[in-house]
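The structure under discussion appears below in the form of structure tokens.
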Amino acid sequence: MSGTVQTTALTAMLQAEPENLQTAIDTATLLGTLAVLIGAYVAARAAAFLLSAAAERSPSRRITIKMFVPVVKLLVYGIALYIVVVPLFELTSAQLLALSGLIGAALGFGLQDLVSALFGGFVLVTEKPYQVGDKVTIDDHYGEVTDIGLRATTLVTPGDTTVVVPNDHIFTGTVANANDGSPKMLVTVDLAVSPDADTTRALSILEDALVTSPYVYVDDDHPVSVRLSDQVSYRQVRGRAYVSDHRNERAFASDVTERALAAFDEEGIETPESPQLHHLDD
Amino acid sequence: MTGVAGELSPSLLLDDVETFETQLEKESSVAVVGPPFAGREAVLDHAQSVLDADRVQLTCDTDVEQLTSRLGDGPLVVDHCQQLYRRQIGGFEKLEKVLNALARTDATVVTGWNSYAWSYLDAVHAIEDTFESVELRSLSTSELTEFVRSQTTARPTFSNDQRDESVLTSVEVTWRDRTVSVPALDSAALKHRLRSSIDPEEAVFSRLNLLASGNPGVALAVYRQLSDEEIRPSDIELPSVELDHESAFSLYTILAGETIDWRVLQDRFGDNVDRVLSPLIKQGIVTVADDETVSLTPRGVPVATETTERRQIL
């Protein structure tokens with residue numbers, strides 16, 4: 001069926017008036033197209049830069065502002081595409097049909113990955129499974145989303161490694177979003193104590209360490225919790241609390257762990273020899 | 001901590017004094033909550049007078065056993081209750097003892113709390129459940145103007161700012177080590193142009209109230225530092241400070257405690273305390289007394305509030 005449509009479109013293109021076709025692809029049009037594309041690229045980069053800079057000046061509204069970056073980019077490139085196709089090339093409906101046929105053929109010859117990624121970018125912008133500024137795990141890569149482009153999403157890991165993930169992962173992969181558009185984020189801190197330790201006191205110390213951290217955020221919707229679980233060779237005290245800014249996730253976990261372990265040591269609460277556990281994504 | 005209690009009347013600071021007095025008669029535990037320098041002492045003075053109560057001022061060295069033993073002896077007014085906790089592991093023991101003692105007594109106890117400490121303790125210890133709380137209100141510009149005039153003798157002249165007519169300016173925008181200059185509107189110039197018809201005195205007090213957020217103690221302190229001869233709206237300004245999270249948290253700790261022993265800060269921030277406090281002392285945001293108590297200055301309140309709210313420090 002699609003083959004028939006493509007053939008019909010190509011036939012229509014060939015049957016189009018030669019003057020119109022020549023007008024559509026003369027040097028001036030090509031230069032105009034190039035100028036529009038470069039202009040769109042510069043405009044999209046400038047808009048992204050200004051929005052990101054504005055977002056960084058306001059920690060509490062950072063993610064909200066950055067949410068507009070991919071939307072603005074999509075808008076700019078969409079307008080550029082419209083300018084190229086309609087006013088510059090002045091394509092007739094038959095030529096538009098032919099062009100779509102050619103695009104269809106190109107897809108068949110190996111650009112499907114690119115187009116799939118572009119569609120993935122469109123889905124990311126409209127469905128928002130994550131936004132610029134969120135902490136996400138995509139294909140085992142954990143980090144902060146710093147850019148959602150039309151083709152790919154860029155993450156920066158806690159180790160400052162930049163990871164570029166094609167947007168078509170949204171159709172097949174799994175995405176774990178730790179904060180879902182909010183700067184606040186739940187962080188879990190696990191500590192181990194010996195089986196004969198005073199676990200009541202250990203839980204109390206951990207709770208104090210959580211609520212006295214400089215990074216903590218507590219209200220009715222963001223409660224602090226501690227709990228005890230029995231493991232094979234030790235007992236685990238687990239604390240959970242929100243940080244006001246997810247960028248402080250590791251600083252919070254480190255601060256709580258350091259002060260809680262110091263208090264354990266001071267009060268004679270023994271910890272096993274095994275390394276302490278710290279889960280950020282539980 | 002210097003206050004303005006003597007000069008402020010409870011009717012100015014509370015929405016309804018009669019309701020407050022009724023609460024004093026009916027409730028056994030009342031909390032008067034307000035920011036530093038906002039006149040909390042004046043309301044507690046009034047409560048003390050109405051109840052004919054004893055008065056206790058808490059410090060970081062207060063013996064909590066002595067305090068709890070007095071709770072059943074009749075009406076009591078206790079100020080600076082934010083001194084009952086320290087933001088560190090084991091730092092809530094005094095507070096818990098007092099809350100337990102309050103639960104056992106029928107005598108009326110009126111307590112004074114710093115509003116930032118109150119918000120924190122309510123979030124992590126739900127202290128609002130123990131007390132009937134009364135919050136100080138913010139003064140309007142006209143109330144603040146009247147109060148400041150009543151407290152100062154100098155009568156300076158007020159003038160509009162002499163500003164460049166252009167409302168366009170440029171700002172440096174930096175992100176990822178890149179800086180560009182982009183055109184922007186000069187909000188001050190724009191406001192000046194829009195408000196050029198406003199009386200300069202009105203503009204000064206309007207700006208003063210905006211900065212002080214209706215806090216009379218802060219407004220008076222800022223005003224007193226201005227010239228006795230001529231004042232322009234742009235003279236009402238605060239020191240600009242850029243603090244990292246640790247320094248911002250130390251400032252928040254002082255904001256919530258109002259007066260803190262240096263040793264307490266050292267326990268919390270370790271050897272970094274000098275480095276953390278140094279810029280705050282230089283800017284006049286905090287002061288250190290001879291007895292090594294660190295206090296927030298009235299001018300430091302808006303700076304501390306803006307800094308900690310921007311960083312969402314609880």
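The chains in the structure tokens are called A, B, ... from first to last as shown; in each chain the residues are counted from 1, and the ligands are counted from 1 in the order shown.
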- request: Considering only C-alpha atoms, return as a PyMOL selection string whatever protein or nucleic-acid residues lie within 12 Å of B:Asp122, sequence-local ones (same chain, fewer than 3 positions apart) excluded.
  value: (chain A and resi 211+218-220) or (chain B and resi 31+33+82+113-119+125-131+133+314)
Within 9 Å of chain B: residues of chain A, using only C-alpha atoms, as number ranges by chain: A: 49-50, 52-54, 56, 58-60, 204-220, 223-224, 244-245, 259-260, 263
- prompt: What's the 9 Å shell around B:Pro298, counting only C-alpha atoms, without same-chain residues fewer than 6 positions away, as a list in words?
  reply: Pro36, Phe37, Gly217, Val218, Ala219, Leu220, Ala221, Val222, Ile285 and Val286 of chain B
Generate a file of the selected residues that holds N, CA and C atoms, formatted as a PDB file, in the first residue's frame.
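In the end it all went to result.pdb:
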```pdb
ATOM      1  N   PRO B  36      13.130  37.431  64.629  1.00  0.00           N
ATOM      2  CA  PRO B  36      13.968  38.248  65.507  1.00  0.00           C
ATOM      3  C   PRO B  36      13.649  39.734  65.351  1.00  0.00           C
ATOM      4  N   PHE B  37      13.665  40.457  66.452  1.00  0.00           N
ATOM      5  CA  PHE B  37      13.489  41.915  66.494  1.00  0.00           C
ATOM      6  C   PHE B  37      12.074  42.381  66.124  1.00  0.00           C
ATOM      7  N   GLY B 217      11.605  46.064  64.282  1.00  0.00           N
ATOM      8  CA  GLY B 217      12.969  46.138  64.807  1.00  0.00           C
ATOM      9  C   GLY B 217      13.987  46.253  63.691  1.00  0.00           C
ATOM     10  N   VAL B 218      13.771  45.503  62.639  1.00  0.00           N
ATOM     11  CA  VAL B 218      14.682  45.544  61.488  1.00  0.00           C
ATOM     12  C   VAL B 218      14.579  46.906  60.805  1.00  0.00           C
ATOM     13  N   ALA B 219      13.360  47.363  60.601  1.00  0.00           N
ATOM     14  CA  ALA B 219      13.147  48.645  59.912  1.00  0.00           C
ATOM     15  C   ALA B 219      13.799  49.788  60.692  1.00  0.00           C
ATOM     16  N   LEU B 220      13.624  49.785  61.993  1.00  0.00           N
ATOM     17  CA  LEU B 220      14.184  50.866  62.806  1.00  0.00           C
ATOM     18  C   LEU B 220      15.711  50.849  62.745  1.00  0.00           C
ATOM     19  N   ALA B 221      16.290  49.659  62.822  1.00  0.00           N
ATOM     20  CA  ALA B 221      17.753  49.554  62.790  1.00  0.00           C
ATOM     21  C   ALA B 221      18.307  50.018  61.449  1.00  0.00           C
ATOM     22  N   VAL B 222      17.649  49.638  60.370  1.00  0.00           N
ATOM     23  CA  VAL B 222      18.118  50.056  59.041  1.00  0.00           C
ATOM     24  C   VAL B 222      17.975  51.577  58.901  1.00  0.00           C
ATOM     25  N   ILE B 285      26.551  41.385  59.420  1.00  0.00           N
ATOM     26  CA  ILE B 285      25.340  40.550  59.498  1.00  0.00           C
ATOM     27  C   ILE B 285      25.256  39.875  60.866  1.00  0.00           C
ATOM     28  N   VAL B 286      26.405  39.481  61.404  1.00  0.00           N
ATOM     29  CA  VAL B 286      26.436  38.930  62.765  1.00  0.00           C
ATOM     30  C   VAL B 286      27.517  39.664  63.554  1.00  0.00           C
TER      31      VAL B 286
END
```
task: as a PyMOL selection string, list the residues of stretch 26-251 of chain B assigned to strand (DSSP E) by DSSP on the backbone atoms of this structure.
output: chain B and resi 29-34+54-57+76-79+109-114+132-135+157-158+168-175+178-185+230-231
- request: Check the smallest atom-to-atom distance from each of A:Ala152, A:Val232, A:Ala43, A:Val36 to A:Leu81 using only C-alpha atoms, then report the winner.
  value: A:Val36
Surrounding residues of B:Val148 excluding itself and chain neighbours under 4 positions, 9 Å, only C-alpha atoms, as a list in words: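 Returned residues: Glu143, Leu144, Thr152, Pro216, Ala219, Leu220, Tyr223 and Arg224 of chain B.
The smallest atom-to-atom distance between A:Met185 and any of A:Ala202, A:Ile170, A:Val136, A:Val243, using only C-alpha atoms, is found for A:Val243.
Counting from atom CA of A:Phe119, the distance to atom CA of A:Pro183 is 27.6 Å.
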- prompt: For the atom pair atom CA of B:Ala184 and atom CA of B:Ser170, what is the interatomic distance in Å to one decimal place?
  reply: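 The value is 5.1 Å.
The closest residue to A:Tyr234, picked from A:Asp160, A:Asp196, A:Asp26, A:Glu127 and counting only C-alpha atoms, is A:Asp196.
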